[in-house]
Amino acid sequence: GESAFCKCYNLRYLQIPATVESIEDTAFADCYRLYEIENLSKYPLTVDGSAQNRYTIKIYQTADEARIIKETSNGCTVAKLSKDSSVWYLIDYESDATSITLPSVTGELQIKPYTFIAEDKITSVTFSDSVSVVGKYAFKDSGVETVTFAGGKSSLTWTSETFNESQALKEIDFGEREFSKIPMGAFAEKENLETVRISSEVTTIEDGAFADCYQLKEISGCQKVSSIGASAFYGCGNLSAMEFGNVTQVSGITTVDGIDKTSRVLMADGITYP
């Protein structure tokens with residue numbers, strides 16, 4: 001029926017019996033961890049991003065169809081669609097642990113949207129250098145306080161929504177991951193955020209990136225930053241000092257407006273704000 005399994009966050013596998021004749025659009029709404037569906041009914045389901053199965057990675061049409069390949073390490077379970085695939089997905093982890101470290105894989109590991117939604121026991125997550133994608137709202141309403149990207153240089157894709165509604169976040173370390181910008185509003189209004197180490201590959205901090213992060217004290221890794229957007233640090237009254245390597249563009253005084261006057265934002269050309 002309609003919304004039959006809505007918001008069943010811990011539902012990871014579902015078998016639909018042959019007797020089912022129809023499936024409502026909202027039957028699996030917000031089942032963010034429903035990664036496998038065995039559909040024995042005649043009602044068609046496909047992995048196409050529809051409301052019925054938006055986050056599913058595999059739908060089996062028969063009982064004897066080959067299953068996804070799973071491996072477990074460090075208390076985490078990852079899966080890929082076939083032996084020849086190089087893309088893995090995190091599909092399970094020890095939710096009773098307070099700290100988890102994602103395993104390295106041969107290929108790339110993707111973190112789908114809402115993966116850690118509403119997790120209230122895990123406070124620390126360390127991503128291996130295999131992690132290449134972190135989806136939107138990955139930490140929504142969770143208790144995760146510390147996020148660390150370990151390993152050497154490797155590409156990372158994330159969006160302005162990845163850390164949305166992640167109010168418990170206190171510290172994030174991007175390590176040496178390769179991406180070029182801190183997106184617009186990416187960490188805005190994170191009232192508990194204190195420390196950020198951005199990647200040394202970042203060249204742009206967009207508008208409002210850290211706006212109203214009232215507890216933010218330290219930002220490091222800004223050696224290649226050359227552009228800072230408007231209101232990027234608005235309201236960051238506890239920010240003590242940041243040193244940028246090569247800033248050539250600052251979008252308006254509101255970039256640093258709101259920082260306490262004893263704070264300093266140092267630019268390589270000797271200009272000091274405020």
# chains A, B, ... in the order shown; residues from 1 in each chain; ligands from 1
>>> select_by_dssp(residues="segment 67-221 of chain A", states="strand (DSSP E or B)", output="PyMOL selection string")
chain A and resi 69-73+76-80+87-93+99-101+108-111+124-127+131-134+146-149+155+157+171-173+178+181-182+195-197+204-205+218-220
>>> closest_atom_pairs(of="segment 116-158 of chain A", to="segment 191-199 of chain A", cutoff="12 Å", atoms="only C-alpha atoms", output="JSON lines")
{"residue": "A:Gly143", "atom": "CA", "partner": "A:Asn192", "partner_atom": "CA", "distance": 11.5}
{"residue": "A:Val144", "atom": "CA", "partner": "A:Asn192", "partner_atom": "CA", "distance": 11.3}
{"residue": "A:Glu145", "atom": "CA", "partner": "A:Leu193", "partner_atom": "CA", "distance": 8.5}
{"residue": "A:Thr146", "atom": "CA", "partner": "A:Leu193", "partner_atom": "CA", "distance": 9.5}
{"residue": "A:Val147", "atom": "CA", "partner": "A:Val196", "partner_atom": "CA", "distance": 9.9}
{"residue": "A:Thr148", "atom": "CA", "partner": "A:Arg197", "partner_atom": "CA", "distance": 9.5}
{"residue": "A:Phe149", "atom": "CA", "partner": "A:Ser199", "partner_atom": "CA", "distance": 9.8}
{"residue": "A:Ala150", "atom": "CA", "partner": "A:Ser199", "partner_atom": "CA", "distance": 11.5}
{"residue": "A:Gly152", "atom": "CA", "partner": "A:Ser199", "partner_atom": "CA", "distance": 11.0}
{"residue": "A:Lys153", "atom": "CA", "partner": "A:Ser199", "partner_atom": "CA", "distance": 9.5}
{"residue": "A:Ser154", "atom": "CA", "partner": "A:Ser199", "partner_atom": "CA", "distance": 10.9}
{"residue": "A:Ser155", "atom": "CA", "partner": "A:Ser199", "partner_atom": "CA", "distance": 10.8}
{"residue": "A:Leu156", "atom": "CA", "partner": "A:Ser199", "partner_atom": "CA", "distance": 10.3}
>>> closest_residue(among="A:Leu81, A:Val125, A:Cys8, A:Ile69", to="Ser95 of chain A", atoms="only C-alpha atoms")
A:Val125
>>> residues_around(residues="Ser128 of chain A", least_positions_apart="3", cutoff="7 Å", atoms="only C-alpha atoms", output="number ranges by chain")
A: 102-104, 131, 149-151
>>> closest_residue(among="A:Lys181, A:Arg67, A:Lys217, A:Lys112", to="Phe139 of chain A", atoms="only C-alpha atoms")
A:Lys112
>>> residues_around(residues="Thr19 of chain A", least_positions_apart="5", cutoff="10 Å", atoms="only C-alpha atoms", output="JSON, numbers by chain")
{"A": [40, 41, 42, 43]}
>>> write_last_selection(atoms="all heavy atoms", output="compact mmCIF listing (two decimals), in the first residue's frame")
# COMPACT_ATOMS: atom_id res chain seq x y z
N LEU A 40 9.68 -10.88 -7.22
CA LEU A 40 9.12 -12.10 -7.80
C LEU A 40 7.74 -11.87 -8.41
O LEU A 40 7.14 -12.77 -8.98
CB LEU A 40 9.03 -13.20 -6.73
CG LEU A 40 10.36 -13.55 -6.03
CD1 LEU A 40 10.13 -14.67 -5.02
CD2 LEU A 40 11.41 -13.95 -7.05
N SER A 41 7.25 -10.63 -8.29
CA SER A 41 5.93 -10.30 -8.85
C SER A 41 6.06 -9.96 -10.32
O SER A 41 7.16 -9.84 -10.88
CB SER A 41 5.33 -9.11 -8.10
OG SER A 41 5.99 -7.91 -8.47
N LYS A 42 4.92 -9.76 -10.97
CA LYS A 42 4.90 -9.37 -12.37
C LYS A 42 4.95 -7.85 -12.54
O LYS A 42 5.04 -7.35 -13.65
CB LYS A 42 3.65 -9.93 -13.05
CG LYS A 42 3.63 -11.46 -13.12
CD LYS A 42 2.38 -11.95 -13.84
CE LYS A 42 2.38 -13.48 -13.93
NZ LYS A 42 1.18 -13.99 -14.62
N TYR A 43 4.90 -7.15 -11.40
CA TYR A 43 4.96 -5.68 -11.47
C TYR A 43 6.38 -5.26 -11.77
O TYR A 43 7.33 -5.66 -11.09
CB TYR A 43 4.50 -5.08 -10.14
CG TYR A 43 4.35 -3.57 -10.18
CD1 TYR A 43 3.15 -3.00 -10.59
CD2 TYR A 43 5.41 -2.74 -9.85
CE1 TYR A 43 3.00 -1.62 -10.64
CE2 TYR A 43 5.27 -1.36 -9.90
CZ TYR A 43 4.07 -0.82 -10.30
OH TYR A 43 3.93 0.55 -10.36
>>> closest_residue(among="A:Lys170, A:Thr62, A:Thr72, A:Thr26", to="Thr101 of chain A", atoms="only C-alpha atoms")
A:Thr72
>>> residues_around(residues="Asn164 of chain A", least_positions_apart="4", cutoff="12 Å", atoms="only C-alpha atoms", output="PDB file with N, CA, C and O atoms, in the first residue's frame")
ATOM      1  N   PRO A 113      23.657   8.763  -1.054  1.00  0.00           N
ATOM      2  CA  PRO A 113      22.973   9.756  -0.216  1.00  0.00           C
ATOM      3  C   PRO A 113      22.343   9.143   1.038  1.00  0.00           C
ATOM      4  O   PRO A 113      21.884   8.007   1.015  1.00  0.00           O
ATOM      5  N   TYR A 114      22.368   9.882   2.126  1.00  0.00           N
ATOM      6  CA  TYR A 114      21.698   9.528   3.387  1.00  0.00           C
ATOM      7  C   TYR A 114      22.283   8.280   4.058  1.00  0.00           C
ATOM      8  O   TYR A 114      21.645   7.690   4.933  1.00  0.00           O
ATOM      9  N   ILE A 117      22.209   8.488   7.871  1.00  0.00           N
ATOM     10  CA  ILE A 117      21.075   9.229   8.401  1.00  0.00           C
ATOM     11  C   ILE A 117      20.621   8.674   9.754  1.00  0.00           C
ATOM     12  O   ILE A 117      20.507   7.459   9.948  1.00  0.00           O
ATOM     13  N   GLY A 135      27.628  11.163  -1.248  1.00  0.00           N
ATOM     14  CA  GLY A 135      26.357  11.723  -1.708  1.00  0.00           C
ATOM     15  C   GLY A 135      25.779  12.771  -0.777  1.00  0.00           C
ATOM     16  O   GLY A 135      26.246  12.996   0.341  1.00  0.00           O
ATOM     17  N   LYS A 136      24.707  13.399  -1.235  1.00  0.00           N
ATOM     18  CA  LYS A 136      24.068  14.473  -0.472  1.00  0.00           C
ATOM     19  C   LYS A 136      23.450  13.932   0.815  1.00  0.00           C
ATOM     20  O   LYS A 136      23.054  12.771   0.903  1.00  0.00           O
ATOM     21  N   TYR A 137      23.401  14.795   1.814  1.00  0.00           N
ATOM     22  CA  TYR A 137      22.804  14.475   3.113  1.00  0.00           C
ATOM     23  C   TYR A 137      23.366  13.183   3.706  1.00  0.00           C
ATOM     24  O   TYR A 137      22.677  12.449   4.403  1.00  0.00           O
ATOM     25  N   ALA A 138      24.634  12.894   3.423  1.00  0.00           N
ATOM     26  CA  ALA A 138      25.224  11.632   3.880  1.00  0.00           C
ATOM     27  C   ALA A 138      25.180  11.480   5.391  1.00  0.00           C
ATOM     28  O   ALA A 138      25.094  10.370   5.912  1.00  0.00           O
ATOM     29  N   PHE A 139      25.217  12.618   6.122  1.00  0.00           N
ATOM     30  CA  PHE A 139      25.254  12.566   7.588  1.00  0.00           C
ATOM     31  C   PHE A 139      24.038  13.230   8.217  1.00  0.00           C
ATOM     32  O   PHE A 139      24.071  13.630   9.383  1.00  0.00           O
ATOM     33  N   LYS A 140      22.948  13.321   7.485  1.00  0.00           N
ATOM     34  CA  LYS A 140      21.767  14.020   7.966  1.00  0.00           C
ATOM     35  C   LYS A 140      21.277  13.465   9.303  1.00  0.00           C
ATOM     36  O   LYS A 140      21.098  12.260   9.476  1.00  0.00           O
ATOM     37  N   ASP A 141      21.051  14.372  10.245  1.00  0.00           N
ATOM     38  CA  ASP A 141      20.490  14.027  11.560  1.00  0.00           C
ATOM     39  C   ASP A 141      21.287  12.947  12.288  1.00  0.00           C
ATOM     40  O   ASP A 141      20.746  12.213  13.114  1.00  0.00           O
ATOM     41  N   SER A 142      22.575  12.836  11.973  1.00  0.00           N
ATOM     42  CA  SER A 142      23.404  11.831  12.639  1.00  0.00           C
ATOM     43  C   SER A 142      24.178  12.470  13.784  1.00  0.00           C
ATOM     44  O   SER A 142      24.219  13.693  13.924  1.00  0.00           O
ATOM     45  N   TRP A 158      31.934  15.564  -4.148  1.00  0.00           N
ATOM     46  CA  TRP A 158      30.915  15.827  -3.130  1.00  0.00           C
ATOM     47  C   TRP A 158      30.222  17.119  -3.522  1.00  0.00           C
ATOM     48  O   TRP A 158      30.647  17.809  -4.439  1.00  0.00           O
ATOM     49  N   THR A 159      29.119  17.441  -2.857  1.00  0.00           N
ATOM     50  CA  THR A 159      28.332  18.601  -3.256  1.00  0.00           C
ATOM     51  C   THR A 159      28.066  19.515  -2.066  1.00  0.00           C
ATOM     52  O   THR A 159      28.402  19.194  -0.918  1.00  0.00           O
ATOM     53  N   SER A 160      27.430  20.630  -2.349  1.00  0.00           N
ATOM     54  CA  SER A 160      27.063  21.557  -1.281  1.00  0.00           C
ATOM     55  C   SER A 160      26.057  20.947  -0.317  1.00  0.00           C
ATOM     56  O   SER A 160      25.846  21.469   0.783  1.00  0.00           O
ATOM     57  N   ALA A 168      25.816  17.911  14.142  1.00  0.00           N
ATOM     58  CA  ALA A 168      26.745  17.418  15.163  1.00  0.00           C
ATOM     59  C   ALA A 168      28.203  17.583  14.748  1.00  0.00           C
ATOM     60  O   ALA A 168      29.103  17.477  15.584  1.00  0.00           O
ATOM     61  N   LEU A 169      28.441  17.873  13.488  1.00  0.00           N
ATOM     62  CA  LEU A 169      29.795  17.923  12.942  1.00  0.00           C
ATOM     63  C   LEU A 169      30.659  18.960  13.664  1.00  0.00           C
ATOM     64  O   LEU A 169      30.317  20.137  13.733  1.00  0.00           O
ATOM     65  N   PRO A 183      32.044  24.263  -1.962  1.00  0.00           N
ATOM     66  CA  PRO A 183      30.847  24.792  -2.624  1.00  0.00           C
ATOM     67  C   PRO A 183      30.094  25.835  -1.794  1.00  0.00           C
ATOM     68  O   PRO A 183      30.254  25.932  -0.574  1.00  0.00           O
ATOM     69  N   MET A 184      29.269  26.579  -2.480  1.00  0.00           N
ATOM     70  CA  MET A 184      28.449  27.618  -1.857  1.00  0.00           C
ATOM     71  C   MET A 184      27.641  27.057  -0.686  1.00  0.00           C
ATOM     72  O   MET A 184      26.901  26.098  -0.832  1.00  0.00           O
ATOM     73  N   GLY A 185      27.810  27.669   0.480  1.00  0.00           N
ATOM     74  CA  GLY A 185      27.024  27.291   1.650  1.00  0.00           C
ATOM     75  C   GLY A 185      27.275  25.896   2.176  1.00  0.00           C
ATOM     76  O   GLY A 185      26.489  25.395   2.986  1.00  0.00           O
ATOM     77  N   ALA A 186      28.363  25.265   1.775  1.00  0.00           N
ATOM     78  CA  ALA A 186      28.591  23.851   2.113  1.00  0.00           C
ATOM     79  C   ALA A 186      28.577  23.584   3.609  1.00  0.00           C
ATOM     80  O   ALA A 186      28.078  22.548   4.060  1.00  0.00           O
ATOM     81  N   PHE A 187      29.109  24.504   4.404  1.00  0.00           N
ATOM     82  CA  PHE A 187      29.174  24.306   5.858  1.00  0.00           C
ATOM     83  C   PHE A 187      28.435  25.403   6.614  1.00  0.00           C
ATOM     84  O   PHE A 187      28.631  25.574   7.826  1.00  0.00           O
ATOM     85  N   ALA A 188      27.606  26.135   5.938  1.00  0.00           N
ATOM     86  CA  ALA A 188      26.883  27.248   6.559  1.00  0.00           C
ATOM     87  C   ALA A 188      26.025  26.770   7.737  1.00  0.00           C
ATOM     88  O   ALA A 188      25.404  25.701   7.676  1.00  0.00           O
ATOM     89  N   GLU A 189      26.046  27.552   8.803  1.00  0.00           N
ATOM     90  CA  GLU A 189      25.213  27.325   9.981  1.00  0.00           C
ATOM     91  C   GLU A 189      25.511  26.005  10.679  1.00  0.00           C
ATOM     92  O   GLU A 189      24.640  25.420  11.321  1.00  0.00           O
ATOM     93  N   LYS A 190      26.751  25.516  10.554  1.00  0.00           N
ATOM     94  CA  LYS A 190      27.177  24.352  11.345  1.00  0.00           C
ATOM     95  C   LYS A 190      27.636  24.890  12.699  1.00  0.00           C
ATOM     96  O   LYS A 190      28.802  25.248  12.904  1.00  0.00           O
ATOM     97  N   ALA A 209      30.348  29.848   2.230  1.00  0.00           N
ATOM     98  CA  ALA A 209      30.785  28.478   2.494  1.00  0.00           C
ATOM     99  C   ALA A 209      30.808  28.133   3.979  1.00  0.00           C
ATOM    100  O   ALA A 209      30.420  27.031   4.378  1.00  0.00           O
TER     101      ALA A 209
END
>>> residues_around(residues="Cys31 of chain A", least_positions_apart="4", cutoff="9 Å", atoms="only C-alpha atoms", output="list of chain:residue names")
A:Phe5, A:Cys6, A:Lys7, A:Cys8, A:Tyr9, A:Asn10, A:Leu11, A:Arg12, A:Tyr35, A:Asn53, A:Arg54, A:Tyr55, A:Thr56
>>> atom_distance(atom1="atom CA of Ile182 of chain A", atom2="atom CA of Ala79 of chain A")
29.5 Å
>>> atom_distance(atom1="atom CA of Leu239 of chain A", atom2="atom CA of Leu216 of chain A")
5.5 Å
>>> atom_distance(atom1="atom CA of Ile91 of chain A", atom2="atom CA of Ser22 of chain A")
27.0 Å
